[in-house]
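Engineer: Below: one structure in structure tokens.
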Amino acid sequence: MLKVMMFNKLYGPSLGGVERVVYDICEEIKHEVELTVLCANTKPFTEIEHRDKYKVIKSASVGRILSSVHLGLATPWWWLKTKNNILHFHFPSPIAEVYCLALYPRKQPLIVSYHADISGYNKALFFYAPILKKFLKRADRIIISSPALLERSPFLRNFKNKCVIIPFGIDVGRFELSREDKEASLKLREKFPGRIVLFVGRLVAYKGVDHLVDAMKNINATLLIVGDGPEKEKLKKLAEKTGVDKKIFFIGKITDKELSAYYHACDIFVLPSINDKEEFGLVQLEAHACGKPVVSTALPTGVSFVNIDGLSGLVVEPKSPQELAKAINKLLEDEVLRGRLGLQAKARVESEFNRKIMAQKILDVYRCLLPGSF
């Protein structure tokens, strides 16, 4: 059987969007390959977890630099110790890329899932760019989530011949309306009567939640903000300043189990991100899986690849509270339109953004590189 090592900085499913994608891939391919997951630990020692049909090695880490680069100093040792036919590497992870260039055998295929360009670290990027180019040159295949990333990325343009577009997929079954979810969503509707607008995500500047808060001046509905982050207090103050604090509720972090009920309870979902740090917007798929239309912003990323204006929701210009309010009100006031877009969105997720489809396409890449290994 084909032996695959899946590498990411951390392993989920609950840490973030990338971790959720990696987890969903692993859960689907574990029946087809002999799978080992390698990631950094958040502790200075190594832990090994045995999950259903695969194991997760959390390599000892001594901390982080640049906020998210984990110093997993034991990673090279595990690469050398663990035998595999293919390394499936999830980018970015700069230190691990150096390890990979130095230690991973060139005769063994390297697949890189390129999640997003690195931005915001211009000085560090000046020194890192040559390493990244060597790393991408070393890769046998580069998997990307949308055509927009391939066209926009300055690093991918020289490697288009080895790029494969495989959209992210989600576990649609997680969002089926179970009896438990139905009861929980009804309780939420009782707690927050009237129309509900939902946002789910980290409260960071590029998510544009401040523009959504501002838009609420002209929206007769309740806004539920699920998630936490450094912008939370600033957003609360903005809500008070603009006089909308009585119809905005900061829910904070919730469990994966609770999340489905919030999606089912809302009338529409909004992703008001303002720049290309929002590369895909996995939460849009989750809302669509629950039959909810999305209001998103026109970004040159996969966000508009996921939510299509007039098909699965509405798309507006970023940084415009007025346009956000107009689109949200249009959906809230037109039940027929809201229902039609929600049904179309749900059907599209099931047929195009299902994690089973994503996993099968990844397995096809493995087969192409190592025919006869299955």
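Ordering of the structure tokens sets the chain letters (A, B, ...); residue numbers start at 1 within each chain; ligands are numbered from 1 in the order shown.
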Write out as JSON, numbers by chain all residues of region 135-348 of chain A that DSSP puts in helix (DSSP H, G or I) for this structure's backbone.

Structural biologist: {"A": [135, 136, 137, 138, 147, 148, 149, 150, 151, 152, 157, 158, 159, 160, 161, 162, 172, 173, 174, 175, 179, 180, 181, 182, 183, 184, 185, 186, 187, 188, 189, 190, 191, 205, 206, 207, 209, 210, 211, 212, 213, 214, 215, 216, 217, 218, 232, 233, 234, 235, 236, 237, 238, 239, 240, 241, 245, 246, 247, 256, 257, 258, 259, 260, 261, 262, 263, 264, 265, 282, 283, 284, 285, 286, 287, 288, 289, 303, 304, 305, 306, 321, 322, 323, 324, 325, 326, 327, 328, 329, 330, 331, 332, 333, 335, 336, 337, 338, 339, 340, 341, 342, 343, 344, 345, 346, 347, 348]}

Engineer: Give me, as a ChimeraX atom specification, all polymer residues having an atom no more than 7 Å from region 34-46 of chain A, counting only C-alpha atoms and skipping those fewer than 4 positions away in the same chain.

Structural biologist: /A:1-11,30,54-62,70,72

Engineer: I need the residues from that last selection saved to file as a short mmCIF file (atom, residue, chain, number, x, y, z; two decimals), in the first residue's frame (with C-alpha atoms), if you can.

Structural biologist:
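The file below, part-v3.cif, is the result:
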data_model
loop_
_atom_site.label_atom_id
_atom_site.label_comp_id
_atom_site.auth_asym_id
_atom_site.auth_seq_id
_atom_site.Cartn_x
_atom_site.Cartn_y
_atom_site.Cartn_z
CA MET A 1 0.00 0.00 0.00
CA LEU A 2 1.16 3.55 -0.76
CA LYS A 3 2.75 5.24 2.27
CA VAL A 4 1.95 8.94 2.60
CA MET A 5 3.32 11.44 5.09
CA MET A 6 1.06 14.49 5.45
CA PHE A 7 2.88 17.53 6.84
CA ASN A 8 1.37 20.73 8.23
CA LYS A 9 2.44 23.21 10.89
CA LEU A 10 -0.33 22.01 13.22
CA TYR A 11 -3.08 19.41 13.07
CA LYS A 30 -6.93 7.04 5.38
CA TYR A 54 -3.44 6.58 11.01
CA LYS A 55 -1.12 8.20 13.51
CA VAL A 56 -0.29 11.84 14.24
CA ILE A 57 3.26 12.73 15.28
CA LYS A 58 3.40 16.08 17.05
CA SER A 59 7.08 16.96 16.93
CA ALA A 60 8.68 18.76 19.88
CA SER A 61 8.62 22.53 19.41
CA VAL A 62 10.50 25.29 21.21
CA HIS A 70 6.60 26.85 14.69
CA GLY A 72 9.68 22.02 15.41
#

Engineer: If we count only C-alpha atoms, what is near Ile268 (chain A) at a cut-off of 10 Å, once residues fewer than 2 positions away on the same chain are taken out, given as an mmCIF file with N, CA and C atoms, in the first residue's frame?

Structural biologist:
data_model
loop_
_atom_site.group_PDB
_atom_site.id
_atom_site.type_symbol
_atom_site.label_atom_id
_atom_site.label_comp_id
_atom_site.auth_asym_id
_atom_site.auth_seq_id
_atom_site.Cartn_x
_atom_site.Cartn_y
_atom_site.Cartn_z
ATOM 1 N N ARG A 195 -34.891 38.573 12.521
ATOM 2 C CA ARG A 195 -33.990 38.094 11.477
ATOM 3 C C ARG A 195 -32.544 38.084 11.985
ATOM 4 N N ILE A 196 -31.798 37.060 11.586
ATOM 5 C CA ILE A 196 -30.441 36.873 12.102
ATOM 6 C C ILE A 196 -29.429 36.890 10.964
ATOM 7 N N VAL A 197 -28.419 37.733 11.118
ATOM 8 C CA VAL A 197 -27.258 37.779 10.226
ATOM 9 C C VAL A 197 -26.088 37.178 11.000
ATOM 10 N N LEU A 198 -25.301 36.337 10.350
ATOM 11 C CA LEU A 198 -24.226 35.624 11.048
ATOM 12 C C LEU A 198 -22.865 35.887 10.415
ATOM 13 N N PHE A 199 -21.868 36.065 11.277
ATOM 14 C CA PHE A 199 -20.463 36.072 10.857
ATOM 15 C C PHE A 199 -19.735 35.044 11.711
ATOM 16 N N TYR A 263 -25.366 28.159 12.077
ATOM 17 C CA TYR A 263 -25.612 28.309 10.640
ATOM 18 C C TYR A 263 -27.087 28.089 10.314
ATOM 19 N N HIS A 264 -27.670 27.048 10.901
ATOM 20 C CA HIS A 264 -29.078 26.745 10.607
ATOM 21 C C HIS A 264 -30.016 27.799 11.182
ATOM 22 N N ALA A 265 -29.628 28.453 12.261
ATOM 23 C CA ALA A 265 -30.485 29.457 12.890
ATOM 24 C C ALA A 265 -30.513 30.779 12.124
ATOM 25 N N CYS A 266 -29.424 31.072 11.407
ATOM 26 C CA CYS A 266 -29.342 32.379 10.752
ATOM 27 C C CYS A 266 -30.186 32.422 9.481
ATOM 28 N N VAL A 270 -22.562 36.373 6.317
ATOM 29 C CA VAL A 270 -21.798 37.467 5.701
ATOM 30 C C VAL A 270 -20.307 37.266 5.938
ATOM 31 N N ALA A 287 -21.695 27.577 5.485
ATOM 32 C CA ALA A 287 -23.012 28.220 5.441
ATOM 33 C C ALA A 287 -23.837 27.675 4.283
ATOM 34 N N HIS A 288 -23.205 27.509 3.121
ATOM 35 C CA HIS A 288 -23.909 26.958 1.956
ATOM 36 C C HIS A 288 -24.419 25.552 2.227
ATOM 37 N N GLY A 291 -27.677 25.468 3.574
ATOM 38 C CA GLY A 291 -28.710 26.084 2.748
ATOM 39 C C GLY A 291 -28.847 27.573 2.936
ATOM 40 N N LYS A 292 -27.771 28.237 3.347
ATOM 41 C CA LYS A 292 -27.813 29.677 3.584
ATOM 42 C C LYS A 292 -27.052 30.446 2.500
ATOM 43 N N PRO A 293 -27.689 31.488 1.931
ATOM 44 C CA PRO A 293 -26.970 32.329 0.975
ATOM 45 C C PRO A 293 -25.929 33.184 1.704
ATOM 46 N N VAL A 294 -24.902 33.583 0.971
ATOM 47 C CA VAL A 294 -23.801 34.347 1.560
ATOM 48 C C VAL A 294 -23.686 35.711 0.887
ATOM 49 N N VAL A 295 -23.436 36.724 1.675
ATOM 50 C CA VAL A 295 -23.016 38.030 1.151
ATOM 51 C C VAL A 295 -21.515 38.116 1.376
ATOM 52 N N GLY A 313 -25.387 33.491 -3.637
ATOM 53 C CA GLY A 313 -25.456 34.633 -2.731
ATOM 54 C C GLY A 313 -25.280 35.922 -3.501
ATOM 55 N N ILE A 328 -27.531 42.819 2.143
ATOM 56 C CA ILE A 328 -28.133 42.097 3.267
ATOM 57 C C ILE A 328 -29.629 42.353 3.324
ATOM 58 N N LEU A 331 -31.639 40.445 0.639
ATOM 59 C CA LEU A 331 -31.891 39.041 0.957
ATOM 60 C C LEU A 331 -32.884 38.890 2.110
ATOM 61 N N LEU A 332 -32.772 39.740 3.103
ATOM 62 C CA LEU A 332 -33.675 39.645 4.249
ATOM 63 C C LEU A 332 -35.118 39.935 3.856
ATOM 64 N N ARG A 338 -33.975 34.563 -1.222
ATOM 65 C CA ARG A 338 -33.130 33.978 -0.179
ATOM 66 C C ARG A 338 -33.202 32.455 -0.217
ATOM 67 N N GLY A 342 -30.165 29.922 -1.419
ATOM 68 C CA GLY A 342 -29.729 28.956 -0.413
ATOM 69 C C GLY A 342 -29.751 27.530 -0.931
#

Engineer: Measuring atom to atom with only C-alpha atoms, identify which of A:Ser185, A:Ser119, A:Ser296, A:Ser113 is nearest to Ile165 (chain A).

Structural biologist: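 Among the listed residues, A:Ser113 lies closest to Ile165 (chain A).
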
Engineer: Run DSSP on the backbone and grab whatever in region 97-162 of chain A lands in strand (DSSP E); send it over as an MDAnalysis selection string.

Structural biologist: chainID A and resid 110:114 141:144

Engineer: Any chance you could export the current selection's N, CA and C atoms as a short mmCIF file (atom, residue, chain, number, x, y, z; two decimals), in the first residue's frame?

Structural biologist:
data_model
loop_
_atom_site.label_atom_id
_atom_site.label_comp_id
_atom_site.auth_asym_id
_atom_site.auth_seq_id
_atom_site.Cartn_x
_atom_site.Cartn_y
_atom_site.Cartn_z
N LEU A 110 7.35 14.78 -4.05
CA LEU A 110 6.95 15.82 -3.10
C LEU A 110 5.75 16.56 -3.69
N ILE A 111 4.64 16.55 -2.96
CA ILE A 111 3.44 17.28 -3.36
C ILE A 111 3.25 18.45 -2.40
N VAL A 112 3.03 19.62 -2.94
CA VAL A 112 2.84 20.82 -2.12
C VAL A 112 1.42 21.34 -2.30
N SER A 113 0.66 21.40 -1.22
CA SER A 113 -0.62 22.11 -1.24
C SER A 113 -0.32 23.56 -0.86
N TYR A 114 -0.47 24.44 -1.84
CA TYR A 114 -0.10 25.85 -1.68
C TYR A 114 -1.36 26.61 -1.28
N ARG A 141 4.31 18.16 -7.83
CA ARG A 141 3.00 18.74 -8.13
C ARG A 141 2.70 19.80 -7.07
N ILE A 142 1.99 20.85 -7.51
CA ILE A 142 1.56 21.92 -6.60
C ILE A 142 0.04 21.99 -6.68
N ILE A 143 -0.61 21.73 -5.57
CA ILE A 143 -2.07 21.75 -5.52
C ILE A 143 -2.53 23.12 -5.02
N ILE A 144 -3.45 23.75 -5.75
CA ILE A 144 -4.00 25.04 -5.35
C ILE A 144 -5.52 24.95 -5.34
#

Engineer: Could you list, as a PyMOL selection string, every residue within 9 Å of Arg355 (chain A), counting only C-alpha atoms and ignoring same-chain residues fewer than 6 positions away?

Structural biologist: chain A and resi 21+24-25+28+168-172

Engineer: May I have the residues from that selection written out with N, CA and C atoms, as a PDB file, in the first residue's frame?

Structural biologist:
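Ended up saving to out-v9.pdb:
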ATOM      1  N   VAL A  21      -8.907  21.727   6.658  1.00  0.00           N
ATOM      2  CA  VAL A  21      -8.745  21.117   5.335  1.00  0.00           C
ATOM      3  C   VAL A  21      -7.849  19.887   5.411  1.00  0.00           C
ATOM      4  N   ASP A  24      -9.680  17.019   7.022  1.00  0.00           N
ATOM      5  CA  ASP A  24     -10.686  16.425   6.147  1.00  0.00           C
ATOM      6  C   ASP A  24     -10.044  15.551   5.071  1.00  0.00           C
ATOM      7  N   ILE A  25      -8.906  15.993   4.536  1.00  0.00           N
ATOM      8  CA  ILE A  25      -8.195  15.166   3.555  1.00  0.00           C
ATOM      9  C   ILE A  25      -7.794  13.836   4.187  1.00  0.00           C
ATOM     10  N   GLU A  28     -10.492  11.278   4.791  1.00  0.00           N
ATOM     11  CA  GLU A  28     -10.996  10.636   3.577  1.00  0.00           C
ATOM     12  C   GLU A  28     -10.004   9.660   2.959  1.00  0.00           C
ATOM     13  N   PHE A 168     -11.022  23.256  -2.247  1.00  0.00           N
ATOM     14  CA  PHE A 168     -11.250  22.698  -0.921  1.00  0.00           C
ATOM     15  C   PHE A 168     -12.659  22.117  -0.848  1.00  0.00           C
ATOM     16  N   GLY A 169     -12.786  21.078  -0.049  1.00  0.00           N
ATOM     17  CA  GLY A 169     -14.097  20.483   0.177  1.00  0.00           C
ATOM     18  C   GLY A 169     -14.338  20.305   1.668  1.00  0.00           C
ATOM     19  N   ILE A 170     -15.585  20.258   2.056  1.00  0.00           N
ATOM     20  CA  ILE A 170     -15.920  20.100   3.470  1.00  0.00           C
ATOM     21  C   ILE A 170     -16.703  18.803   3.680  1.00  0.00           C
ATOM     22  N   ASP A 171     -16.793  18.408   4.916  1.00  0.00           N
ATOM     23  CA  ASP A 171     -17.600  17.252   5.301  1.00  0.00           C
ATOM     24  C   ASP A 171     -19.051  17.727   5.372  1.00  0.00           C
ATOM     25  N   VAL A 172     -19.768  17.558   4.276  1.00  0.00           N
ATOM     26  CA  VAL A 172     -21.147  18.052   4.200  1.00  0.00           C
ATOM     27  C   VAL A 172     -22.023  17.444   5.294  1.00  0.00           C
TER      28      VAL A 172
END

Engineer: Select, from A:Arg20, A:Lys182, A:Lys257, A:Lys207, the residue with the minimum atom-to-atom distance to Lys277 (chain A), counting only C-alpha atoms.

Structural biologist: A:Lys207

Engineer: Counting only C-alpha atoms, what is within 10 Å of Arg348 (chain A), bar same-chain residues fewer than 5 positions away, as a ChimeraX atom specification?

Structural biologist: /A:285,288-289,306-307,311-312,342-343,353-354

Engineer: Deliver the residues from the most recent selection as a file, using N, CA and C atoms, as a compact mmCIF listing (two decimals), in the first residue's frame.

Structural biologist:
# COMPACT_ATOMS: atom_id res chain seq x y z
N LEU A 285 -18.54 27.85 2.52
CA LEU A 285 -18.99 26.50 2.19
C LEU A 285 -19.85 25.92 3.31
N HIS A 288 -23.21 27.51 3.12
CA HIS A 288 -23.91 26.96 1.96
C HIS A 288 -24.42 25.55 2.23
N ALA A 289 -23.62 24.74 2.93
CA ALA A 289 -24.03 23.37 3.24
C ALA A 289 -25.31 23.35 4.09
N VAL A 306 -15.91 30.72 -4.70
CA VAL A 306 -16.82 29.94 -3.85
C VAL A 306 -18.23 30.51 -3.91
N ASN A 307 -18.36 31.79 -3.63
CA ASN A 307 -19.69 32.42 -3.61
C ASN A 307 -19.89 33.21 -4.90
N LEU A 311 -26.01 33.32 -7.84
CA LEU A 311 -26.16 31.87 -7.85
C LEU A 311 -26.23 31.29 -6.44
N SER A 312 -25.27 31.67 -5.60
CA SER A 312 -25.24 31.15 -4.23
C SER A 312 -25.32 32.27 -3.18
N GLY A 342 -30.17 29.92 -1.42
CA GLY A 342 -29.73 28.96 -0.41
C GLY A 342 -29.75 27.53 -0.93
N LEU A 343 -30.81 27.17 -1.66
CA LEU A 343 -30.91 25.82 -2.22
C LEU A 343 -29.84 25.58 -3.29
N PHE A 353 -17.85 20.96 -3.86
CA PHE A 353 -16.97 21.29 -2.74
C PHE A 353 -17.11 20.28 -1.60
N ASN A 354 -17.39 19.05 -1.95
CA ASN A 354 -17.49 17.97 -0.99
C ASN A 354 -16.10 17.41 -0.72

Engineer: Rank nothing, just name the residue among A:Ser351, A:Lys191, A:Pro167, A:Met358 nearest to Val303 (chain A), using only C-alpha atoms.

Structural biologist: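 Among the listed residues, the smallest separation from Val303 (chain A) belongs to A:Pro167.
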
Engineer: Which of these, A:Pro130, A:Pro105, A:Gly173, A:Pro321, has the shortest distance to Asn84 (chain A) once you count only C-alpha atoms?

Structural biologist: A:Pro105

Engineer: If we count only C-alpha atoms and set the cut-off at 10 Å, which residues sit around Leu156 (chain A), ignoring sequence neighbours fewer than 4 positions away in its own chain? Please answer as a PyMOL selection string.

Structural biologist: chain A and resi 114+117+133+136-137+142+144+149-152+160-163

Engineer: Suppose you want the space between CA of Phe135 (chain A) and CA of His88 (chain A); what is it in Å?

Structural biologist: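 If I compute the distance from CA of Phe135 (chain A) to CA of His88 (chain A), I get 13.0 Å.
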
Engineer: Which residues are near region 222-239 of chain A? Cut-off 8 Å, only C-alpha atoms, ignore same chain within fewer than 4 positions. Put them as a list in words.

Structural biologist: Phe192, Gly194, Arg195, Ile196, Val197, Leu198, Phe199, Val200, Gly201, Arg202, Leu203, Val204, Ala205, Val209, Asp210, Val213, Asp214, Met216, Gly243, Val244, Asp245, Lys247, Ile248, Phe249, Phe250, Ile251, Gly252, Lys253 and Ile254 of chain A

Engineer: Restricting the output to N, CA and C atoms, write the selected residues as a PDB file, in the first residue's frame.

Structural biologist:
ATOM      1  N   PHE A 192     -32.729  34.994  20.131  1.00  0.00           N
ATOM      2  CA  PHE A 192     -32.504  36.157  19.276  1.00  0.00           C
ATOM      3  C   PHE A 192     -33.652  36.254  18.271  1.00  0.00           C
ATOM      4  N   GLY A 194     -36.509  37.524  15.594  1.00  0.00           N
ATOM      5  CA  GLY A 194     -36.363  38.367  14.411  1.00  0.00           C
ATOM      6  C   GLY A 194     -35.364  37.761  13.443  1.00  0.00           C
ATOM      7  N   ARG A 195     -34.891  38.573  12.521  1.00  0.00           N
ATOM      8  CA  ARG A 195     -33.990  38.094  11.477  1.00  0.00           C
ATOM      9  C   ARG A 195     -32.544  38.084  11.985  1.00  0.00           C
ATOM     10  N   ILE A 196     -31.798  37.060  11.586  1.00  0.00           N
ATOM     11  CA  ILE A 196     -30.441  36.873  12.102  1.00  0.00           C
ATOM     12  C   ILE A 196     -29.429  36.890  10.964  1.00  0.00           C
ATOM     13  N   VAL A 197     -28.419  37.733  11.118  1.00  0.00           N
ATOM     14  CA  VAL A 197     -27.258  37.779  10.226  1.00  0.00           C
ATOM     15  C   VAL A 197     -26.088  37.178  11.000  1.00  0.00           C
ATOM     16  N   LEU A 198     -25.301  36.337  10.350  1.00  0.00           N
ATOM     17  CA  LEU A 198     -24.226  35.624  11.048  1.00  0.00           C
ATOM     18  C   LEU A 198     -22.865  35.887  10.415  1.00  0.00           C
ATOM     19  N   PHE A 199     -21.868  36.065  11.277  1.00  0.00           N
ATOM     20  CA  PHE A 199     -20.463  36.072  10.857  1.00  0.00           C
ATOM     21  C   PHE A 199     -19.735  35.044  11.711  1.00  0.00           C
ATOM     22  N   VAL A 200     -18.866  34.248  11.075  1.00  0.00           N
ATOM     23  CA  VAL A 200     -18.025  33.285  11.792  1.00  0.00           C
ATOM     24  C   VAL A 200     -16.586  33.483  11.325  1.00  0.00           C
ATOM     25  N   GLY A 201     -15.665  33.652  12.269  1.00  0.00           N
ATOM     26  CA  GLY A 201     -14.265  33.784  11.882  1.00  0.00           C
ATOM     27  C   GLY A 201     -13.444  34.477  12.952  1.00  0.00           C
ATOM     28  N   ARG A 202     -12.122  34.538  12.711  1.00  0.00           N
ATOM     29  CA  ARG A 202     -11.227  35.247  13.614  1.00  0.00           C
ATOM     30  C   ARG A 202     -11.474  36.737  13.502  1.00  0.00           C
ATOM     31  N   LEU A 203     -11.436  37.413  14.635  1.00  0.00           N
ATOM     32  CA  LEU A 203     -11.665  38.857  14.640  1.00  0.00           C
ATOM     33  C   LEU A 203     -10.331  39.574  14.432  1.00  0.00           C
ATOM     34  N   VAL A 204      -9.932  39.621  13.166  1.00  0.00           N
ATOM     35  CA  VAL A 204      -8.702  40.292  12.746  1.00  0.00           C
ATOM     36  C   VAL A 204      -9.072  41.314  11.680  1.00  0.00           C
ATOM     37  N   ALA A 205      -8.163  42.263  11.437  1.00  0.00           N
ATOM     38  CA  ALA A 205      -8.484  43.422  10.604  1.00  0.00           C
ATOM     39  C   ALA A 205      -8.947  43.047   9.198  1.00  0.00           C
ATOM     40  N   VAL A 209     -14.827  43.057   9.630  1.00  0.00           N
ATOM     41  CA  VAL A 209     -16.040  43.020  10.463  1.00  0.00           C
ATOM     42  C   VAL A 209     -16.454  44.428  10.896  1.00  0.00           C
ATOM     43  N   ASP A 210     -15.499  45.358  10.957  1.00  0.00           N
ATOM     44  CA  ASP A 210     -15.845  46.740  11.301  1.00  0.00           C
ATOM     45  C   ASP A 210     -16.816  47.332  10.284  1.00  0.00           C
ATOM     46  N   VAL A 213     -20.224  45.872  11.087  1.00  0.00           N
ATOM     47  CA  VAL A 213     -20.785  46.553  12.264  1.00  0.00           C
ATOM     48  C   VAL A 213     -21.360  47.906  11.852  1.00  0.00           C
ATOM     49  N   ASP A 214     -20.620  48.636  11.039  1.00  0.00           N
ATOM     50  CA  ASP A 214     -21.079  49.935  10.553  1.00  0.00           C
ATOM     51  C   ASP A 214     -22.350  49.790   9.716  1.00  0.00           C
ATOM     52  N   MET A 216     -24.694  47.750  10.068  1.00  0.00           N
ATOM     53  CA  MET A 216     -25.858  47.398  10.883  1.00  0.00           C
ATOM     54  C   MET A 216     -26.711  48.606  11.247  1.00  0.00           C
ATOM     55  N   GLY A 243     -24.064  53.143  17.858  1.00  0.00           N
ATOM     56  CA  GLY A 243     -25.402  52.935  18.386  1.00  0.00           C
ATOM     57  C   GLY A 243     -26.077  51.643  17.959  1.00  0.00           C
ATOM     58  N   VAL A 244     -25.275  50.636  17.623  1.00  0.00           N
ATOM     59  CA  VAL A 244     -25.864  49.357  17.184  1.00  0.00           C
ATOM     60  C   VAL A 244     -25.546  48.217  18.154  1.00  0.00           C
ATOM     61  N   ASP A 245     -24.998  48.556  19.322  1.00  0.00           N
ATOM     62  CA  ASP A 245     -24.566  47.519  20.262  1.00  0.00           C
ATOM     63  C   ASP A 245     -25.713  46.671  20.783  1.00  0.00           C
ATOM     64  N   LYS A 247     -28.079  45.401  19.011  1.00  0.00           N
ATOM     65  CA  LYS A 247     -28.457  44.352  18.061  1.00  0.00           C
ATOM     66  C   LYS A 247     -27.257  43.575  17.537  1.00  0.00           C
ATOM     67  N   ILE A 248     -26.125  43.696  18.224  1.00  0.00           N
ATOM     68  CA  ILE A 248     -24.945  42.906  17.883  1.00  0.00           C
ATOM     69  C   ILE A 248     -24.522  42.111  19.117  1.00  0.00           C
ATOM     70  N   PHE A 249     -24.332  40.812  18.950  1.00  0.00           N
ATOM     71  CA  PHE A 249     -23.948  39.943  20.056  1.00  0.00           C
ATOM     72  C   PHE A 249     -22.650  39.217  19.702  1.00  0.00           C
ATOM     73  N   PHE A 250     -21.656  39.384  20.568  1.00  0.00           N
ATOM     74  CA  PHE A 250     -20.367  38.731  20.398  1.00  0.00           C
ATOM     75  C   PHE A 250     -20.422  37.377  21.115  1.00  0.00           C
ATOM     76  N   ILE A 251     -20.538  36.328  20.360  1.00  0.00           N
ATOM     77  CA  ILE A 251     -20.733  34.993  20.918  1.00  0.00           C
ATOM     78  C   ILE A 251     -19.426  34.402  21.430  1.00  0.00           C
ATOM     79  N   GLY A 252     -18.316  34.787  20.817  1.00  0.00           N
ATOM     80  CA  GLY A 252     -17.018  34.217  21.182  1.00  0.00           C
ATOM     81  C   GLY A 252     -16.782  32.883  20.507  1.00  0.00           C
ATOM     82  N   LYS A 253     -15.834  32.124  21.029  1.00  0.00           N
ATOM     83  CA  LYS A 253     -15.520  30.818  20.450  1.00  0.00           C
ATOM     84  C   LYS A 253     -16.594  29.803  20.822  1.00  0.00           C
ATOM     85  N   ILE A 254     -16.912  28.940  19.888  1.00  0.00           N
ATOM     86  CA  ILE A 254     -17.844  27.852  20.154  1.00  0.00           C
ATOM     87  C   ILE A 254     -17.232  26.550  19.627  1.00  0.00           C
TER      88      ILE A 254
END

Engineer: Smallest atom-to-atom distance to Ser93 (chain A): which of A:Phe280, A:Tyr206, A:Tyr128, A:Phe305, using only C-alpha atoms?

Structural biologist: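 That would be A:Tyr128, the residue with the smallest distance to Ser93 (chain A).
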
Engineer: Please determine, counting only C-alpha atoms, which residue among A:Trp77, A:Arg157, A:Ile95, A:His90 has the shortest atom-to-atom distance to Val22 (chain A).

Structural biologist: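 Under the stated criterion, the closest residue is A:His90.
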
Engineer: Separation of CA of Ala129 (chain A) and CA of Ala298 (chain A), in Å?

Structural biologist: 28.3 Å
